[in-house]
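All remarks here apply to the structure that follows.
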Amino acid sequence: MEETLLKSKMENVLGLMISDIGSIRTGRATPSLVEGVVVSVYGGTQKLKINELASISAPDTQSLVLDPWDKSIIGEIRQGILAANIGMNPSIDGEIIRISLPPLTTEDREKYIKILSSKLESGRVMVRQIRADGMHEIKKSFEEKTITEDEKFASEKRLQELTDEYIKKIDDAGETKKSELLSI
């Protein structure tokens with residue numbers, strides 16, 4: 001497998017991880033907490049993410065404001081957020097939806113750190129799987145005599161370095177998120 005392809009796959013995993021851990025609630029309100037929530041709208045005929053239905057803003061650290069582009073589905077968006085069971089209680093205020101976030105308790109923070117740890121481990125596993133696929137390709141090329149033994153060892157070394165680099169990036173993103181979770 002070509003090194004640029006492996007790097008691109010690992011970059012995709014990193015991007016996926018960063019967006020995934022972005023949805024974990026810290027002490028402050030961010031649009032990423034709700035933008036991926038899928039809502040049934042227009043009488044259940046369509047399932048769309050909130051970021052496809054409304055603009056999302058965080059006017060302060062404890063609240064979110066959703067401004068639906070189609071005001072007729074405001075009730076369906078509210079119901080979708082409630083149905084997602086993400087611990088938020090949206091209220092309709094005229095033509096917008098307001099969500100006030102209560103401060104996190106110590107138990108909440110511990111729970112979110114456990115969720116963060118499992119998501120980070122999933123990311124590391126995905127990167128290691130890409131490495132395993134790459135190692136298999138290198139071994140196959142060596143057995144087919146398309147690369148020399150020196151090229152095999154050099155490729156394996158570069159692949160391991162690439163893997164270490166992306167696992168470190170995942171760990172760094174996790175540490176940043178963990179410090180956000182622990183700050184009050």
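As shown in the structure tokens, the chain order sets the letters A, B, ...; within each chain, residues go from 1, and ligands are also counted from 1 in the order they appear.
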
Task: range 114-118 of chain A environment, 8 Å, only C-alpha atoms, sequence neighbours closer than 5 positions dropped, as a list in words - done: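 That gives Ile21, Ile24, Gly174 and Lys178 of chain A.
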
Could the residues of range 99-138 of chain A that have an atom at most 9 Å from range 78-92 of chain A be listed as CSV, each with its closest atom pair and the distance in Å to one decimal, counting only C-alpha atoms and ordered by chain and ascending residue number?
residue,atom,partner,partner_atom,distance
A:Ile99,CA,A:Pro90,CA,4.5
A:Ser100,CA,A:Asn89,CA,7.2
A:Leu101,CA,A:Met88,CA,6.8
A:Pro102,CA,A:Met88,CA,8.7

Could you save those same residues with N, CA and C atoms as a PDB file, in the first residue's frame?
ATOM      1  N   ILE A  99     -31.285  26.293  24.504  1.00  0.00           N
ATOM      2  CA  ILE A  99     -30.898  25.149  25.336  1.00  0.00           C
ATOM      3  C   ILE A  99     -29.961  25.672  26.410  1.00  0.00           C
ATOM      4  N   SER A 100     -30.390  25.560  27.666  1.00  0.00           N
ATOM      5  CA  SER A 100     -29.529  25.939  28.787  1.00  0.00           C
ATOM      6  C   SER A 100     -28.856  24.682  29.313  1.00  0.00           C
ATOM      7  N   LEU A 101     -27.554  24.767  29.476  1.00  0.00           N
ATOM      8  CA  LEU A 101     -26.803  23.605  29.949  1.00  0.00           C
ATOM      9  C   LEU A 101     -26.470  23.774  31.420  1.00  0.00           C
ATOM     10  N   PRO A 102     -26.897  22.831  32.245  1.00  0.00           N
ATOM     11  CA  PRO A 102     -26.540  22.912  33.658  1.00  0.00           C
ATOM     12  C   PRO A 102     -25.049  22.631  33.826  1.00  0.00           C
TER      13      PRO A 102
END

List every residue of range 8-53 of chain A that has an atom at most 7 Å from any atom of range 63-73 of chain A, giving for each one its closest atom pair and the distance in Å to one decimal, counting only C-alpha atoms, sorted by chain and then by ascending residue number, as a Markdown table.
| residue | atom | partner | partner_atom | distance |
| --- | --- | --- | --- | --- |
| A:Ala29 | CA | A:Ser63 | CA | 5.7 |
| A:Val41 | CA | A:Ile73 | CA | 6.6 |
| A:Tyr42 | CA | A:Ile73 | CA | 7.0 |
| A:Leu53 | CA | A:Pro68 | CA | 5.8 |

Print the selection's residues with C-alpha atoms to a file, as a compact mmCIF listing (two decimals), in the first residue's frame.
# COMPACT_ATOMS: atom_id res chain seq x y z
CA ALA A 29 -21.64 25.12 25.37
CA VAL A 41 -38.77 16.29 10.18
CA TYR A 42 -41.63 17.01 7.81
CA LEU A 53 -31.84 22.47 9.65

task = Would you list the contacts of range 126-137 of chain A as a VMD selection string, taking every protein, DNA or RNA residue within 12 Å and counting only C-alpha atoms, but skipping same-chain residues closer than 3 positions in sequence?
result = chain A and resid 1 to 17 119 to 123 140 to 144 146 to 147 152 to 170

Inset, instruction - Per DSSP on the backbone, filter range 13-151 of chain A down to the residues in strand (DSSP E or B) and report them as a ChimeraX atom specification. - result: /A:38-41,46-49,54-60,63-68,90-93,96-100

inquiry  = Going by DSSP on the backbone, which residues of range 64-145 of chain A come out as alpha helix (DSSP H)? List them as a ChimeraX atom specification.
reply    = /A:74-83,106-143

Glu107 in chain A environment, 12 Å, only C-alpha atoms, sequence neighbours closer than 6 positions dropped, as a VMD selection string
chain A and resid 113 to 114 181 to 182

Selected residues, N, CA and C atoms, written as an mmCIF file, in the first residue's frame, please.
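The file below, result-v8.cif, is the result:
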data_model
loop_
_atom_site.group_PDB
_atom_site.id
_atom_site.type_symbol
_atom_site.label_atom_id
_atom_site.label_comp_id
_atom_site.auth_asym_id
_atom_site.auth_seq_id
_atom_site.Cartn_x
_atom_site.Cartn_y
_atom_site.Cartn_z
ATOM 1 N N ILE A 113 -15.171 11.445 30.931
ATOM 2 C CA ILE A 113 -13.764 11.045 30.758
ATOM 3 C C ILE A 113 -13.686 9.578 30.351
ATOM 4 N N LYS A 114 -14.561 8.727 30.915
ATOM 5 C CA LYS A 114 -14.590 7.316 30.513
ATOM 6 C C LYS A 114 -15.008 7.177 29.055
ATOM 7 N N LEU A 181 -12.519 19.002 30.113
ATOM 8 C CA LEU A 181 -13.491 18.345 30.989
ATOM 9 C C LEU A 181 -13.198 18.619 32.467
ATOM 10 N N LEU A 182 -11.925 18.659 32.813
ATOM 11 C CA LEU A 182 -11.562 18.810 34.209
ATOM 12 C C LEU A 182 -11.581 20.267 34.687
#

Nearest to Ile50 in chain A among A:Glu35, A:Asp20, A:Asp171, A:Asp150, with distances taken over only C-alpha atoms: which residue is it?
->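 Checking each candidate against Ile50 in chain A, we get A:Glu35 as the closest.
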
Taken to one decimal, the CA of Thr176 in chain A-CA of Lys49 in chain A distance is 26.3 Å

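With only C-alpha atoms as the atoms that count, the minimum distance from Ala58 in chain A to the choices A:Gly43, A:Gly36, A:Arg28, A:Ile77 is reached by A:Arg28.
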